[in-house]
Amino acid sequence: MASARSHDGSGPLRRTGRTIGHALHAPFTGTAKGIRKATHAHGAGESGLGKLIELHAVNGAGDVMITVALASTVFFSVPTDEARGRVALYLAVTMAPFTLLAPVIGPLLDRLPHGRRAAMAGAMLARALLALTMSSAVATGGLELYPAALGVLVSSKAYGVVRSAVVPRLLPPGFSLVKANSRVTLAGLLATGVAAPIGAGLQTVGSGWPLYGACVIFIGGTVLAFTLPRKVDSAKGERRARLVEHHGHQPSVLAKPSKTNGKRTNGKKTTTRSGEKEKRPGLRTVGPSVLHGLQANAAHRALSGFLIFFLAFLLREQPLAGQSAAVSLGIVGVAAGVGNALGTAMGSWLRTRGPEVIIAAVLGLALGVAVLAAVFFSTLMVAALSAMAGFTQALSKLSLDAMIQRDVPEEVRTSAFARSETLLQMSWVVGGGIGISLPLNGVLGMSVASGILAVGAAASVRGLLSAARRGSPHPRVA
C-alpha cells in the first residue's frame, strides 16, 4: 500500500519534471527545426546544399568571434597613434604574406579534388587550434599574435575558395548558382550578426573568451564538414583553369595531360602533329564578360578594404557629429551589414536579369554615392556610402558568379571560383593598405574611394555593356 502511494506520489513529480524540461527544451528544438526547414527548403536538403549553408553559418560565427578578439586587442585597447601602428604591423605581418600565398591557394586546392570535405574540415580545425593559441597572446598583444592571425586568414580563405568550388556540385534541380550563393552568403551574414554581440559579451568577461568561443564553434564546423555529401569530393569532369589571357585564340579549355585529336598536351604547351605550338587557353578566354566582371568586382573589394581601415581610424579620431567614436563605428558597421544583406537578398530576386548590366549599374551607383560623399562629407553621406558599398559588393559578386556559371565550362568552373576568390582577396588587401597609409582627412578619403571605383569603371563598364549587347558567345547554362 505504501509502495502504491509512493508510486502515485512520484507520478505527478515526474510529469511536472517532464513538462518543465519540455518547456525549457522547446525553444531550442523549435529554433533548430526552423533553421533546418529554412536551409533545406526547395530541394536544398536533398542535394546537400542545406548542409553547406549550415556549415557556412558556422564559419561566419567563428570568424566574427576571432575578429572581435583581434579588434579589441589591436585597435580598441590602445591610443589612436599606437593603434594605427599596430594595425599597420598587422597588415605587414599578415596581409602582405597573404598576397604571396593567395595565388598558391587556388592551385594547391585544385590538386585536392577528392579531399574537399577534408580540406574544409582541416581549415576549420586549424582555426580552432590557432584560436586557442591566440587566447594567451591577446592579453599582451605580443608579436606571436600576428603569425597566428596570418594562419587564421589563410585558413579562412582556403575554406572560402573550396566552398565556392563545391557549390556547383550541390545545386538542387531548378536552382541557379546565384540563388544558391545568395542563400549561403545570407546564412553567413545572419550568423555573423548573431555571433558578434555574443563575442562582444564574452570580451567583457576576458580578452581570451571570444577565442575560446571560436575554438568551440570551429570544432563543431570540423565535424559538420564531413556530413556533406560524398559527391563534394568527386572530381569527375573537372579540369584546371588559368587567369591568363592569350589573344587571337578561340575560347577553349585545356584538359589534363592527354593525347586527343592528334594533339599532345604536356605541362607547358600543346603541340600539333605539324609541330606548331598553341598557347594554353585560360579562364579569361571564355569571353569578355568574366574578365570585366572580375575587374569591376576587384574595384568593389578594394573599396571594401579601404573603407574598413580608413573609416576605423578616421571615426575613432574624428567621430561623426554628435556621436562617440564607438557609436560612429557602430553606425558605419551596421549600415554596411544591412547593405550587404539587402544586396544578397536582391541577388536572388534578380537572378534572371543580365548580370553584365547589373554589375555595370551597381558600379556606377557606388561611384555616384562616393563622389557625393566626397563633395558633401557628412555623417549621413558616410553611412550612405558604407551601406551602398555593402549593397553593391554583394550584388556585383553574385552577378559575377552567375556569369561564371553561364560562360565557364563545367569542367573548369570549380577552379574558376577558386581563382576569382583569390584575385578579389588580393584586391581587398591592396585597398586596406591604401586605407591604413592615407592621412585622416574625410574629404580626401572619400575622394580616394571615388578614384578606386572610377578606375574599376573605366576598366570594365564599357566592356560589360558591349558584352551585354552581344550576348554570351557560348552560354553553358540555359
# chains A, B, ... in the order shown; residues from 1 in each chain; ligands from 1

$ residues_around --residues "Thr67 in chain A" --least-positions-apart "3" --cutoff "9 Å" --atoms "only C-alpha atoms" --output "ChimeraX atom specification"
/A:62-64,70-72,196,199,210

$ residues_around --residues "Asn297 in chain A" --least-positions-apart "5" --cutoff "8 Å" --atoms "only C-alpha atoms" --output "short mmCIF file (atom, residue, chain, number, x, y, z; two decimals) with all heavy atoms, in the first residue's frame"
data_model
loop_
_atom_site.label_atom_id
_atom_site.label_comp_id
_atom_site.auth_asym_id
_atom_site.auth_seq_id
_atom_site.Cartn_x
_atom_site.Cartn_y
_atom_site.Cartn_z
N GLN A 393 28.68 45.58 -53.47
CA GLN A 393 29.65 44.50 -53.48
C GLN A 393 28.96 43.14 -53.49
O GLN A 393 29.34 42.24 -54.25
CB GLN A 393 30.56 44.58 -52.25
CG GLN A 393 31.57 43.43 -52.17
CD GLN A 393 32.43 43.50 -50.92
OE1 GLN A 393 33.13 44.47 -50.70
NE2 GLN A 393 32.37 42.47 -50.11
N SER A 396 27.16 42.67 -56.94
CA SER A 396 28.13 42.50 -58.02
C SER A 396 28.78 41.12 -57.96
O SER A 396 28.98 40.48 -59.00
CB SER A 396 29.19 43.60 -57.93
OG SER A 396 30.10 43.52 -59.00
N LYS A 397 29.10 40.64 -56.75
CA LYS A 397 29.72 39.33 -56.63
C LYS A 397 28.77 38.22 -57.05
O LYS A 397 29.16 37.26 -57.74
CB LYS A 397 30.17 39.10 -55.18
CG LYS A 397 30.80 37.74 -54.93
CD LYS A 397 32.05 37.54 -55.79
CE LYS A 397 32.81 36.29 -55.38
NZ LYS A 397 32.06 35.04 -55.59
N LEU A 400 28.71 38.17 -60.77
CA LEU A 400 29.91 37.54 -61.30
C LEU A 400 29.78 36.02 -61.22
O LEU A 400 30.15 35.31 -62.17
CB LEU A 400 31.14 38.00 -60.50
CG LEU A 400 32.46 37.30 -60.83
CD1 LEU A 400 32.88 37.57 -62.28
CD2 LEU A 400 33.56 37.75 -59.87
N LEU A 424 40.10 38.53 -55.82
CA LEU A 424 39.32 39.51 -55.09
C LEU A 424 39.88 39.75 -53.70
O LEU A 424 39.87 40.87 -53.20
CB LEU A 424 37.86 39.06 -55.00
CG LEU A 424 37.12 38.96 -56.34
CD1 LEU A 424 35.68 38.52 -56.13
CD2 LEU A 424 37.17 40.28 -57.10
#

$ closest_residue --among "A:Val430, A:Ser289, A:Tyr90, A:Gln295" --to "Arg469 in chain A" --atoms "only C-alpha atoms"
A:Ser289

$ residues_around --residues "Ala458 in chain A" --least-positions-apart "5" --cutoff "10 Å" --atoms "only C-alpha atoms" --output "list of chain:residue names"
A:Gln295, A:Ala296, A:Leu453, A:Gly463

$ residues_around --residues "Ala126 in chain A" --least-positions-apart "3" --cutoff "10 Å" --atoms "only C-alpha atoms" --output "number ranges by chain"
A: 120-123, 129-132, 151-152, 154-156, 215, 218-219, 222

$ write_last_selection --atoms "N, CA and C atoms" --output "PDB file, in the first residue's frame"
ATOM      1  N   MET A 120      37.980  21.450 -46.103  1.00  0.00           N
ATOM      2  CA  MET A 120      37.163  22.376 -45.319  1.00  0.00           C
ATOM      3  C   MET A 120      37.233  22.047 -43.833  1.00  0.00           C
ATOM      4  N   ALA A 121      37.218  20.748 -43.519  1.00  0.00           N
ATOM      5  CA  ALA A 121      37.355  20.355 -42.118  1.00  0.00           C
ATOM      6  C   ALA A 121      38.715  20.761 -41.574  1.00  0.00           C
ATOM      7  N   GLY A 122      39.761  20.598 -42.383  1.00  0.00           N
ATOM      8  CA  GLY A 122      41.105  20.991 -41.953  1.00  0.00           C
ATOM      9  C   GLY A 122      41.209  22.484 -41.706  1.00  0.00           C
ATOM     10  N   ALA A 123      40.555  23.284 -42.583  1.00  0.00           N
ATOM     11  CA  ALA A 123      40.554  24.743 -42.385  1.00  0.00           C
ATOM     12  C   ALA A 123      39.842  25.115 -41.098  1.00  0.00           C
ATOM     13  N   LEU A 129      42.482  25.461 -33.483  1.00  0.00           N
ATOM     14  CA  LEU A 129      43.757  25.370 -32.756  1.00  0.00           C
ATOM     15  C   LEU A 129      44.442  26.731 -32.669  1.00  0.00           C
ATOM     16  N   LEU A 130      44.373  27.506 -33.759  1.00  0.00           N
ATOM     17  CA  LEU A 130      45.002  28.824 -33.755  1.00  0.00           C
ATOM     18  C   LEU A 130      44.280  29.777 -32.801  1.00  0.00           C
ATOM     19  N   ALA A 131      42.958  29.662 -32.710  1.00  0.00           N
ATOM     20  CA  ALA A 131      42.213  30.492 -31.757  1.00  0.00           C
ATOM     21  C   ALA A 131      42.648  30.179 -30.335  1.00  0.00           C
ATOM     22  N   LEU A 132      42.841  28.903 -30.059  1.00  0.00           N
ATOM     23  CA  LEU A 132      43.301  28.502 -28.727  1.00  0.00           C
ATOM     24  C   LEU A 132      44.709  29.038 -28.472  1.00  0.00           C
ATOM     25  N   GLY A 151      47.803  32.700 -40.004  1.00  0.00           N
ATOM     26  CA  GLY A 151      47.299  31.341 -40.194  1.00  0.00           C
ATOM     27  C   GLY A 151      45.786  31.295 -40.245  1.00  0.00           C
ATOM     28  N   VAL A 152      45.130  32.090 -39.403  1.00  0.00           N
ATOM     29  CA  VAL A 152      43.672  32.154 -39.419  1.00  0.00           C
ATOM     30  C   VAL A 152      43.179  32.702 -40.751  1.00  0.00           C
ATOM     31  N   VAL A 154      44.717  32.692 -43.728  1.00  0.00           N
ATOM     32  CA  VAL A 154      44.947  31.731 -44.805  1.00  0.00           C
ATOM     33  C   VAL A 154      43.929  30.591 -44.725  1.00  0.00           C
ATOM     34  N   SER A 155      43.679  30.092 -43.520  1.00  0.00           N
ATOM     35  CA  SER A 155      42.720  29.006 -43.357  1.00  0.00           C
ATOM     36  C   SER A 155      41.318  29.441 -43.750  1.00  0.00           C
ATOM     37  N   SER A 156      40.966  30.673 -43.394  1.00  0.00           N
ATOM     38  CA  SER A 156      39.644  31.187 -43.732  1.00  0.00           C
ATOM     39  C   SER A 156      39.461  31.301 -45.243  1.00  0.00           C
ATOM     40  N   CYS A 215      36.957  28.635 -30.855  1.00  0.00           N
ATOM     41  CA  CYS A 215      37.513  27.278 -30.861  1.00  0.00           C
ATOM     42  C   CYS A 215      36.390  26.238 -30.831  1.00  0.00           C
ATOM     43  N   PHE A 218      34.474  26.254 -34.241  1.00  0.00           N
ATOM     44  CA  PHE A 218      35.210  25.643 -35.343  1.00  0.00           C
ATOM     45  C   PHE A 218      35.359  24.133 -35.176  1.00  0.00           C
ATOM     46  N   ILE A 219      35.415  23.652 -33.959  1.00  0.00           N
ATOM     47  CA  ILE A 219      35.426  22.201 -33.753  1.00  0.00           C
ATOM     48  C   ILE A 219      34.107  21.604 -34.248  1.00  0.00           C
ATOM     49  N   THR A 222      34.262  21.477 -37.932  1.00  0.00           N
ATOM     50  CA  THR A 222      35.106  20.374 -38.409  1.00  0.00           C
ATOM     51  C   THR A 222      34.278  19.107 -38.574  1.00  0.00           C
TER      52      THR A 222
END

$ atom_distance --atom1 "CA of Ser164 in chain A" --atom2 "CA of Phe417 in chain A"
5.8 Å

$ closest_residue --among "A:Pro173, A:Gly347, A:Gly339, A:Gly442" --to "Met381 in chain A" --atoms "only C-alpha atoms"
A:Gly442

$ atom_distance --atom1 "CA of Arg406 in chain A" --atom2 "CA of Trp349 in chain A"
17.4 Å

$ atom_distance --atom1 "CA of Leu202 in chain A" --atom2 "CA of Ile66 in chain A"
11.4 Å

$ closest_residue --among "A:Gly174, A:Pro147, A:Gly305, A:Pro229" --to "Gly433 in chain A" --atoms "only C-alpha atoms"
A:Gly305
